[in-house]
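Dumped final-v3.tsv below, it's TSV, N, CA and C atoms:
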```tsv
chain	number	residue	atom	x	y	z
A	1	MET	N	0.84	-1.19	0.00
A	1	MET	CA	0.00	0.00	0.00
A	1	MET	C	0.87	1.25	0.00
A	2	VAL	N	0.33	2.31	-0.56
A	2	VAL	CA	1.01	3.60	-0.55
A	2	VAL	C	0.30	4.49	0.46
A	3	ILE	N	1.09	4.99	1.42
A	3	ILE	CA	0.56	5.85	2.46
A	3	ILE	C	1.12	7.25	2.24
A	4	ALA	N	0.25	8.22	1.98
A	4	ALA	CA	0.67	9.61	1.82
A	4	ALA	C	0.59	10.31	3.16
A	5	VAL	N	1.62	11.08	3.46
A	5	VAL	CA	1.62	11.93	4.64
A	5	VAL	C	1.65	13.36	4.14
A	6	VAL	N	0.63	14.14	4.51
A	6	VAL	CA	0.53	15.53	4.06
A	6	VAL	C	0.83	16.44	5.25
A	7	ASP	N	1.75	17.39	5.03
A	7	ASP	CA	2.08	18.34	6.08
A	7	ASP	C	2.57	19.63	5.45
A	8	GLY	N	2.65	20.66	6.28
A	8	GLY	CA	3.10	21.96	5.82
A	8	GLY	C	3.92	22.64	6.90
A	9	GLN	N	4.05	23.94	6.78
A	9	GLN	CA	4.83	24.76	7.69
A	9	GLN	C	6.20	24.12	7.92
A	10	GLY	N	6.58	23.78	9.14
A	10	GLY	CA	7.91	23.24	9.40
A	10	GLY	C	8.07	21.76	9.16
A	11	GLY	N	6.97	21.04	8.99
A	11	GLY	CA	7.02	19.61	8.69
A	11	GLY	C	7.25	18.71	9.89
A	12	GLY	N	7.19	19.26	11.10
A	12	GLY	CA	7.49	18.46	12.30
A	12	GLY	C	6.49	17.35	12.56
A	13	ILE	N	5.22	17.63	12.38
A	13	ILE	CA	4.21	16.59	12.61
A	13	ILE	C	4.32	15.50	11.54
A	14	GLY	N	4.48	15.91	10.30
A	14	GLY	CA	4.66	14.94	9.23
A	14	GLY	C	5.89	14.08	9.44
A	15	ARG	N	6.96	14.70	9.93
A	15	ARG	CA	8.18	13.95	10.22
A	15	ARG	C	7.91	12.87	11.26
A	16	ALA	N	7.21	13.24	12.34
A	16	ALA	CA	6.91	12.29	13.40
A	16	ALA	C	6.04	11.14	12.88
A	17	ILE	N	5.07	11.46	12.02
A	17	ILE	CA	4.20	10.43	11.45
A	17	ILE	C	5.02	9.48	10.57
A	18	VAL	N	5.85	10.03	9.70
A	18	VAL	CA	6.66	9.20	8.80
A	18	VAL	C	7.58	8.28	9.60
A	19	GLU	N	8.24	8.81	10.62
A	19	GLU	CA	9.13	7.99	11.43
A	19	GLU	C	8.41	6.77	12.01
A	20	ARG	N	7.22	6.99	12.53
A	20	ARG	CA	6.46	5.89	13.14
A	20	ARG	C	5.98	4.90	12.10
A	21	ILE	N	5.50	5.39	10.96
A	21	ILE	CA	5.04	4.48	9.93
A	21	ILE	C	6.19	3.61	9.44
A	22	LYS	N	7.34	4.22	9.17
A	22	LYS	CA	8.48	3.47	8.65
A	22	LYS	C	9.00	2.47	9.69
A	23	LYS	N	8.88	2.80	10.96
A	23	LYS	CA	9.33	1.90	12.02
A	23	LYS	C	8.38	0.71	12.18
A	24	GLU	N	7.08	0.97	12.15
A	24	GLU	CA	6.10	-0.06	12.47
A	24	GLU	C	5.43	-0.71	11.27
A	25	LEU	N	5.52	-0.08	10.11
A	25	LEU	CA	4.90	-0.63	8.90
A	25	LEU	C	5.89	-0.52	7.72
A	26	PRO	N	7.08	-1.07	7.87
A	26	PRO	CA	8.12	-0.86	6.84
A	26	PRO	C	7.80	-1.45	5.48
A	27	GLU	N	6.83	-2.35	5.43
A	27	GLU	CA	6.49	-2.99	4.16
A	27	GLU	C	5.67	-2.08	3.23
A	28	HIS	N	5.20	-0.95	3.75
A	28	HIS	CA	4.39	-0.04	2.95
A	28	HIS	C	5.22	1.15	2.48
A	29	LYS	N	4.90	1.65	1.30
A	29	LYS	CA	5.58	2.83	0.75
A	29	LYS	C	4.99	4.08	1.37
A	30	VAL	N	5.86	5.01	1.78
A	30	VAL	CA	5.42	6.28	2.34
A	30	VAL	C	5.78	7.40	1.37
A	31	LEU	N	4.78	8.17	0.99
A	31	LEU	CA	4.94	9.30	0.09
A	31	LEU	C	4.75	10.59	0.88
A	32	ALA	N	5.79	11.39	0.97
A	32	ALA	CA	5.73	12.67	1.67
A	32	ALA	C	5.21	13.74	0.72
A	33	LEU	N	4.10	14.37	1.09
A	33	LEU	CA	3.52	15.44	0.28
A	33	LEU	C	3.49	16.70	1.13
A	34	GLY	N	4.37	17.62	0.83
A	34	GLY	CA	4.45	18.85	1.59
A	34	GLY	C	3.82	20.02	0.88
A	35	THR	N	3.25	20.93	1.68
A	35	THR	CA	2.74	22.16	1.08
A	35	THR	C	3.89	23.10	0.76
A	36	ASN	N	5.08	22.81	1.34
A	36	ASN	CA	6.27	23.60	1.04
A	36	ASN	C	7.48	22.66	1.09
A	37	ALA	N	8.62	23.14	0.56
A	37	ALA	CA	9.82	22.30	0.45
A	37	ALA	C	10.38	21.90	1.81
A	38	MET	N	10.26	22.77	2.81
A	38	MET	CA	10.78	22.43	4.13
A	38	MET	C	10.03	21.23	4.72
A	39	ALA	N	8.71	21.24	4.61
A	39	ALA	CA	7.91	20.13	5.13
A	39	ALA	C	8.26	18.83	4.40
A	40	THR	N	8.35	18.89	3.09
A	40	THR	CA	8.70	17.70	2.32
A	40	THR	C	10.08	17.20	2.73
A	41	GLY	N	11.03	18.11	2.87
A	41	GLY	CA	12.39	17.74	3.27
A	41	GLY	C	12.45	17.06	4.62
A	42	GLN	N	11.68	17.57	5.58
A	42	GLN	CA	11.66	16.96	6.91
A	42	GLN	C	11.11	15.53	6.85
A	43	MET	N	10.08	15.33	6.06
A	43	MET	CA	9.51	13.99	5.95
A	43	MET	C	10.45	13.03	5.21
A	44	LEU	N	11.17	13.54	4.22
A	44	LEU	CA	12.15	12.70	3.54
A	44	LEU	C	13.29	12.32	4.48
A	45	LYS	N	13.73	13.26	5.31
A	45	LYS	CA	14.77	12.96	6.30
A	45	LYS	C	14.31	11.90	7.29
A	46	ALA	N	13.01	11.86	7.54
A	46	ALA	CA	12.45	10.88	8.48
A	46	ALA	C	12.32	9.49	7.86
A	47	GLY	N	12.58	9.38	6.56
A	47	GLY	CA	12.57	8.07	5.92
A	47	GLY	C	11.51	7.83	4.88
A	48	ALA	N	10.76	8.86	4.48
A	48	ALA	CA	9.76	8.67	3.42
A	48	ALA	C	10.45	8.12	2.17
A	49	ASP	N	9.75	7.27	1.46
A	49	ASP	CA	10.32	6.64	0.27
A	49	ASP	C	10.42	7.60	-0.91
A	50	ASP	N	9.54	8.57	-0.94
A	50	ASP	CA	9.52	9.54	-2.03
A	50	ASP	C	8.82	10.78	-1.53
A	51	GLY	N	8.98	11.88	-2.24
A	51	GLY	CA	8.33	13.10	-1.80
A	51	GLY	C	8.11	14.07	-2.94
A	52	ALA	N	7.12	14.92	-2.75
A	52	ALA	CA	6.81	15.96	-3.73
A	52	ALA	C	6.20	17.14	-2.99
A	53	THR	N	6.29	18.30	-3.62
A	53	THR	CA	5.90	19.54	-2.94
A	53	THR	C	4.91	20.34	-3.77
A	54	GLY	N	3.94	20.93	-3.07
A	54	GLY	CA	3.07	21.92	-3.68
A	54	GLY	C	1.70	21.41	-4.08
A	55	GLU	N	0.91	22.36	-4.55
A	55	GLU	CA	-0.47	22.08	-4.90
A	55	GLU	C	-0.61	20.98	-5.95
A	56	ASN	N	0.12	21.09	-7.04
A	56	ASN	CA	-0.03	20.10	-8.10
A	56	ASN	C	0.39	18.71	-7.63
A	57	ALA	N	1.43	18.63	-6.83
A	57	ALA	CA	1.89	17.33	-6.33
A	57	ALA	C	0.81	16.67	-5.48
A	58	ILE	N	0.16	17.43	-4.63
A	58	ILE	CA	-0.88	16.88	-3.77
A	58	ILE	C	-2.10	16.49	-4.61
A	59	VAL	N	-2.54	17.37	-5.48
A	59	VAL	CA	-3.71	17.07	-6.32
A	59	VAL	C	-3.43	15.85	-7.20
A	60	TYR	N	-2.27	15.78	-7.82
A	60	TYR	CA	-1.92	14.69	-8.73
A	60	TYR	C	-1.86	13.34	-8.00
A	61	ASN	N	-1.33	13.33	-6.79
A	61	ASN	CA	-1.11	12.06	-6.10
A	61	ASN	C	-2.30	11.51	-5.32
A	62	MET	N	-3.28	12.32	-5.02
A	62	MET	CA	-4.41	11.83	-4.22
A	62	MET	C	-5.10	10.60	-4.82
A	63	PRO	N	-5.32	10.53	-6.13
A	63	PRO	CA	-5.96	9.31	-6.67
A	63	PRO	C	-5.02	8.10	-6.71
A	64	ARG	N	-3.74	8.30	-6.39
A	64	ARG	CA	-2.74	7.24	-6.53
A	64	ARG	C	-2.32	6.63	-5.19
A	65	VAL	N	-2.92	7.05	-4.10
A	65	VAL	CA	-2.53	6.54	-2.79
A	65	VAL	C	-3.68	5.76	-2.16
A	66	ASP	N	-3.33	4.91	-1.22
A	66	ASP	CA	-4.33	4.09	-0.54
A	66	ASP	C	-4.79	4.69	0.78
A	67	ILE	N	-3.89	5.39	1.46
A	67	ILE	CA	-4.16	5.98	2.76
A	67	ILE	C	-3.57	7.38	2.77
A	68	VAL	N	-4.27	8.34	3.38
A	68	VAL	CA	-3.77	9.70	3.57
A	68	VAL	C	-3.72	9.98	5.06
A	69	CYS	N	-2.58	10.49	5.53
A	69	CYS	CA	-2.40	10.84	6.94
A	69	CYS	C	-2.02	12.30	7.07
A	70	GLY	N	-2.41	12.87	8.19
A	70	GLY	CA	-2.07	14.26	8.50
A	70	GLY	C	-2.96	14.74	9.62
A	71	VAL	N	-2.98	16.03	9.81
A	71	VAL	CA	-3.88	16.61	10.80
A	71	VAL	C	-5.23	16.89	10.14
A	72	VAL	N	-6.28	16.98	10.93
A	72	VAL	CA	-7.62	17.18	10.38
A	72	VAL	C	-7.70	18.45	9.53
A	73	ALA	N	-6.84	19.40	9.79
A	73	ALA	CA	-6.86	20.67	9.05
A	73	ALA	C	-6.55	20.51	7.56
A	74	ILE	N	-5.99	19.37	7.14
A	74	ILE	CA	-5.69	19.21	5.71
A	74	ILE	C	-6.96	19.11	4.87
A	75	LEU	N	-8.10	19.00	5.53
A	75	LEU	CA	-9.38	19.00	4.81
A	75	LEU	C	-9.96	20.41	4.69
A	76	ASN	N	-9.27	21.39	5.28
A	76	ASN	CA	-9.78	22.76	5.38
A	76	ASN	C	-9.00	23.70	4.46
A	77	ALA	N	-9.68	24.29	3.49
A	77	ALA	CA	-9.03	25.26	2.60
A	77	ALA	C	-8.42	26.39	3.41
A	78	ASN	N	-7.25	26.80	3.02
A	78	ASN	CA	-6.50	27.91	3.61
A	78	ASN	C	-5.95	27.62	5.00
A	79	ALA	N	-5.92	26.35	5.40
A	79	ALA	CA	-5.32	25.97	6.68
A	79	ALA	C	-3.81	26.19	6.61
A	80	MET	N	-3.16	26.04	7.74
A	80	MET	CA	-1.70	26.19	7.85
A	80	MET	C	-1.27	27.56	7.38
A	81	LEU	N	-1.97	28.57	7.88
A	81	LEU	CA	-1.68	29.98	7.54
A	81	LEU	C	-1.76	30.24	6.04
A	82	GLY	N	-2.65	29.52	5.37
A	82	GLY	CA	-2.88	29.72	3.95
A	82	GLY	C	-2.07	28.81	3.04
A	83	GLU	N	-1.19	27.98	3.60
A	83	GLU	CA	-0.37	27.09	2.77
A	83	GLU	C	-1.20	26.02	2.08
A	84	LEU	N	-2.26	25.56	2.72
A	84	LEU	CA	-3.08	24.50	2.15
A	84	LEU	C	-4.17	25.17	1.30
A	85	THR	N	-4.03	25.07	0.01
A	85	THR	CA	-4.92	25.78	-0.90
A	85	THR	C	-6.29	25.07	-0.99
A	86	PRO	N	-7.30	25.79	-1.48
A	86	PRO	CA	-8.60	25.15	-1.68
A	86	PRO	C	-8.53	23.92	-2.58
A	87	LYS	N	-7.70	23.94	-3.62
A	87	LYS	CA	-7.57	22.77	-4.50
A	87	LYS	C	-6.97	21.58	-3.76
A	88	MET	N	-6.00	21.84	-2.88
A	88	MET	CA	-5.42	20.75	-2.08
A	88	MET	C	-6.48	20.14	-1.18
A	89	ALA	N	-7.21	20.98	-0.47
A	89	ALA	CA	-8.25	20.49	0.45
A	89	ALA	C	-9.31	19.69	-0.31
A	90	GLU	N	-9.69	20.17	-1.47
A	90	GLU	CA	-10.68	19.46	-2.28
A	90	GLU	C	-10.16	18.10	-2.72
A	91	ALA	N	-8.91	18.05	-3.18
A	91	ALA	CA	-8.33	16.79	-3.63
A	91	ALA	C	-8.22	15.79	-2.48
A	92	ILE	N	-7.80	16.25	-1.32
A	92	ILE	CA	-7.67	15.36	-0.16
A	92	ILE	C	-9.05	14.88	0.30
A	93	GLY	N	-9.98	15.80	0.38
A	93	GLY	CA	-11.32	15.43	0.82
A	93	GLY	C	-12.06	14.55	-0.15
A	94	SER	N	-11.75	14.67	-1.44
A	94	SER	CA	-12.47	13.93	-2.47
A	94	SER	C	-11.86	12.57	-2.80
A	95	THR	N	-10.64	12.34	-2.39
A	95	THR	CA	-9.99	11.08	-2.75
A	95	THR	C	-10.71	9.89	-2.13
A	96	GLU	N	-10.66	8.78	-2.82
A	96	GLU	CA	-11.23	7.54	-2.31
A	96	GLU	C	-10.31	6.91	-1.26
A	97	ALA	N	-9.09	7.42	-1.13
A	97	ALA	CA	-8.15	6.88	-0.15
A	97	ALA	C	-8.72	6.98	1.26
A	98	TYR	N	-8.34	6.04	2.10
A	98	TYR	CA	-8.75	6.03	3.50
A	98	TYR	C	-7.99	7.14	4.22
A	99	LYS	N	-8.70	7.97	4.94
A	99	LYS	CA	-8.08	9.11	5.62
A	99	LYS	C	-7.96	8.83	7.11
A	100	VAL	N	-6.74	8.94	7.64
A	100	VAL	CA	-6.48	8.76	9.07
A	100	VAL	C	-5.88	10.08	9.54
A	101	LEU	N	-6.68	10.85	10.28
A	101	LEU	CA	-6.32	12.23	10.61
A	101	LEU	C	-6.16	12.44	12.11
A	102	LEU	N	-5.18	13.25	12.46
A	102	LEU	CA	-4.96	13.61	13.86
A	102	LEU	C	-5.91	14.73	14.26
A	103	PRO	N	-6.55	14.61	15.41
A	103	PRO	CA	-7.54	15.61	15.84
A	103	PRO	C	-6.92	16.81	16.55
A	104	LEU	N	-5.98	17.48	15.88
A	104	LEU	CA	-5.37	18.65	16.52
A	104	LEU	C	-6.29	19.85	16.34
A	105	ASN	N	-6.62	20.47	17.42
A	105	ASN	CA	-7.59	21.57	17.42
A	105	ASN	C	-6.90	22.90	17.11
A	106	ARG	N	-6.57	23.06	15.86
A	106	ARG	CA	-5.96	24.29	15.36
A	106	ARG	C	-6.71	24.73	14.12
A	107	CYS	N	-6.31	25.82	13.53
A	107	CYS	CA	-6.93	26.32	12.30
A	107	CYS	C	-8.43	26.55	12.48
A	108	HIS	N	-8.82	26.95	13.66
A	108	HIS	CA	-10.22	27.25	13.96
A	108	HIS	C	-11.14	26.05	13.78
A	109	ILE	N	-10.59	24.85	14.00
A	109	ILE	CA	-11.38	23.62	13.97
A	109	ILE	C	-11.26	22.98	15.34
A	110	HIS	N	-12.39	22.64	15.92
A	110	HIS	CA	-12.37	21.91	17.19
A	110	HIS	C	-13.19	20.64	17.01
A	111	VAL	N	-12.53	19.51	17.13
A	111	VAL	CA	-13.21	18.23	17.00
A	111	VAL	C	-13.70	17.84	18.39
A	112	VAL	N	-15.01	17.74	18.56
A	112	VAL	CA	-15.58	17.42	19.87
A	112	VAL	C	-15.54	15.91	20.12
A	113	SER	N	-15.68	15.55	21.38
A	113	SER	CA	-15.69	14.16	21.82
A	113	SER	C	-14.36	13.45	21.56
A	114	VAL	N	-13.32	14.20	21.39
A	114	VAL	CA	-11.97	13.65	21.25
A	114	VAL	C	-11.19	14.18	22.44
A	115	HIS	N	-10.53	13.29	23.15
A	115	HIS	CA	-9.79	13.71	24.33
A	115	HIS	C	-8.51	14.47	23.97
A	116	GLU	N	-8.18	15.42	24.79
A	116	GLU	CA	-6.91	16.13	24.63
A	116	GLU	C	-5.79	15.18	25.04
A	117	ALA	N	-4.76	15.10	24.24
A	117	ALA	CA	-3.64	14.21	24.52
A	117	ALA	C	-2.40	14.76	23.84
A	118	PRO	N	-1.24	14.35	24.30
A	118	PRO	CA	-0.01	14.76	23.62
A	118	PRO	C	0.01	14.20	22.19
A	119	LEU	N	0.74	14.88	21.33
A	119	LEU	CA	0.84	14.47	19.93
A	119	LEU	C	1.24	13.00	19.80
A	120	GLY	N	2.17	12.56	20.61
A	120	GLY	CA	2.63	11.17	20.54
A	120	GLY	C	1.51	10.16	20.74
A	121	GLN	N	0.59	10.46	21.66
A	121	GLN	CA	-0.53	9.55	21.88
A	121	GLN	C	-1.48	9.52	20.67
A	122	HIS	N	-1.68	10.68	20.07
A	122	HIS	CA	-2.52	10.72	18.87
A	122	HIS	C	-1.85	9.94	17.73
A	123	ILE	N	-0.54	10.05	17.60
A	123	ILE	CA	0.16	9.30	16.56
A	123	ILE	C	0.08	7.80	16.85
A	124	ASP	N	0.14	7.40	18.13
A	124	ASP	CA	-0.05	5.99	18.49
A	124	ASP	C	-1.40	5.49	17.95
A	125	GLY	N	-2.44	6.28	18.17
A	125	GLY	CA	-3.77	5.91	17.68
A	125	GLY	C	-3.81	5.84	16.16
A	126	MET	N	-3.11	6.76	15.50
A	126	MET	CA	-3.06	6.77	14.04
A	126	MET	C	-2.41	5.48	13.53
A	127	ILE	N	-1.28	5.11	14.13
A	127	ILE	CA	-0.56	3.91	13.69
A	127	ILE	C	-1.42	2.67	13.92
A	128	SER	N	-2.11	2.60	15.05
A	128	SER	CA	-3.00	1.46	15.32
A	128	SER	C	-4.09	1.34	14.27
A	129	GLU	N	-4.66	2.47	13.88
A	129	GLU	CA	-5.72	2.46	12.87
A	129	GLU	C	-5.17	2.07	11.50
A	130	ILE	N	-4.00	2.55	11.14
A	130	ILE	CA	-3.40	2.17	9.85
A	130	ILE	C	-3.12	0.67	9.83
A	131	LYS	N	-2.60	0.14	10.94
A	131	LYS	CA	-2.34	-1.30	11.02
A	131	LYS	C	-3.64	-2.10	10.84
A	132	ARG	N	-4.69	-1.68	11.53
A	132	ARG	CA	-5.98	-2.36	11.41
A	132	ARG	C	-6.46	-2.34	9.97
A	133	TYR	N	-6.42	-1.15	9.35
A	133	TYR	CA	-6.92	-0.99	7.98
A	133	TYR	C	-6.10	-1.82	7.00
A	134	THR	N	-4.77	-1.76	7.09
A	134	THR	CA	-3.93	-2.50	6.14
A	134	THR	C	-4.09	-4.00	6.32
A	135	ARG	N	-4.25	-4.44	7.56
A	135	ARG	CA	-4.46	-5.86	7.83
A	135	ARG	C	-5.76	-6.34	7.16
A	136	GLU	N	-6.83	-5.58	7.33
A	136	GLU	CA	-8.12	-5.96	6.75
A	136	GLU	C	-8.13	-5.90	5.23
A	137	HIS	N	-7.35	-4.98	4.66
A	137	HIS	CA	-7.41	-4.80	3.20
A	137	HIS	C	-6.31	-5.51	2.45
A	138	THR	N	-5.42	-6.20	3.15
A	138	THR	CA	-4.42	-7.00	2.45
A	138	THR	C	-4.74	-8.48	2.56
A	139	GLU	N	-5.69	-8.84	3.42
A	139	GLU	CA	-6.10	-10.24	3.57
A	139	GLU	C	-7.11	-10.65	2.51
A	140	CYS	N	-7.68	-9.68	1.82
A	140	CYS	CA	-8.73	-9.97	0.83
A	140	CYS	C	-8.17	-10.68	-0.38
```

Starting from the file, give its structure as C-alpha cells.
Amino acid sequence: MVIAVVDGQGGGIGRAIVERIKKELPEHKVLALGTNAMATGQMLKAGADDGATGENAIVYNMPRVDIVCGVVAILNANAMLGELTPKMAEAIGSTEAYKVLLPLNRCHIHVVSVHEAPLGQHIDGMISEIKRYTREHTEC
C-alpha cells in the first residue's frame, strides 16, 4: 500500500508520522507530500520513500494513494496559515483513499468528543488504525 503523509509549515508533525510508519509498517511505501519544500524535506529525512511539494503534487497524487495521513486541518481550505490551498483540500477530501487524521484543534477547527492528549498519543492511535486498515485490506 502507498501511504501519503501531508504536512506543511515546518514539517514536524509529518516527520513524526513518517518515522512511526516506517518503524512499524516498513512494508508499505510512504509518500511525503508537503505544502512547502521544508515540510517535504523533513519527511524525507524521516525516511519517506519519495516526496513531492506543492499544490499540483498533492492534487496529482491523491488518486494514486491508498491511505492519507495528516492533521484534520488538511481538509480545510487555507489551513496552515494559507499554505493549504482550496484545491489541495478538495483533492484530499475527495480522494477515495482512506483518511487517518490527527484531531489537533488548530486552524479554527475543534473536534468534539476527542480527548486532549499529547501528539505522541494521537500518533499511536493513528498507527494502530493504519495497522488495522492495512491488515483488513491486504487479507482480501

In segment 8-86 of chain A, DSSP strand (DSSP E or B) residues written as a ChimeraX atom specification: /A:29-34,50-53,67-71

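Atom pair atom N of Met1 of chain A / atom CA of Pro118 of chain A has a distance of 28.5 Å (rounded to one decimal).
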
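All residues of protein, DNA or RNA that reach within 8 Å of segment 126-140 of chain A, judged by only N, CA and C atoms and not counting those fewer than 6 positions away in the chain, are A:Met1, A:Arg20, A:Ile21, A:Glu24, A:Leu25, A:Val100, A:Leu101, A:Leu102, A:Gly120.
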
What would the file look like if the residues just selected were written as a compact mmCIF listing (two decimals), keeping the file's coordinate frame with N, CA and C atoms?
```
# COMPACT_ATOMS: atom_id res chain seq x y z
N MET A 1 0.84 -1.19 0.00
CA MET A 1 0.00 0.00 0.00
C MET A 1 0.87 1.25 0.00
N ARG A 20 7.22 6.99 12.53
CA ARG A 20 6.46 5.89 13.14
C ARG A 20 5.98 4.90 12.10
N ILE A 21 5.50 5.39 10.96
CA ILE A 21 5.04 4.48 9.93
C ILE A 21 6.19 3.61 9.44
N GLU A 24 7.08 0.97 12.15
CA GLU A 24 6.10 -0.06 12.47
C GLU A 24 5.43 -0.71 11.27
N LEU A 25 5.52 -0.08 10.11
CA LEU A 25 4.90 -0.63 8.90
C LEU A 25 5.89 -0.52 7.72
N VAL A 100 -6.74 8.94 7.64
CA VAL A 100 -6.48 8.76 9.07
C VAL A 100 -5.88 10.08 9.54
N LEU A 101 -6.68 10.85 10.28
CA LEU A 101 -6.32 12.23 10.61
C LEU A 101 -6.16 12.44 12.11
N LEU A 102 -5.18 13.25 12.46
CA LEU A 102 -4.96 13.61 13.86
C LEU A 102 -5.91 14.73 14.26
N GLY A 120 2.17 12.56 20.61
CA GLY A 120 2.63 11.17 20.54
C GLY A 120 1.51 10.16 20.74
```

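Residue nearest Ala39 of chain A within the list A:Gly11, A:Pro63, A:Pro86, A:Gly93: A:Gly11 [criterion: smallest interatomic distance, only C-alpha atoms].
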
Distance query segment 45-54 of chain A at most 8 Å, only N, CA and C atoms, self and fewer than 5 positions along chain excluded, as JSON, numbers by chain: {"A": [14, 15, 16, 17, 18, 19, 20, 22, 28, 29, 30, 31, 32, 33, 34, 35, 36, 37, 38, 39, 40, 59, 60, 85, 88]}

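Across the structure, atom C of Ile67 of chain A and atom C of Glu90 of chain A are spaced 13.7 Å apart.
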
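As for atom CA of Met62 of chain A and atom C of Ala91 of chain A, they are spaced 5.8 Å apart.
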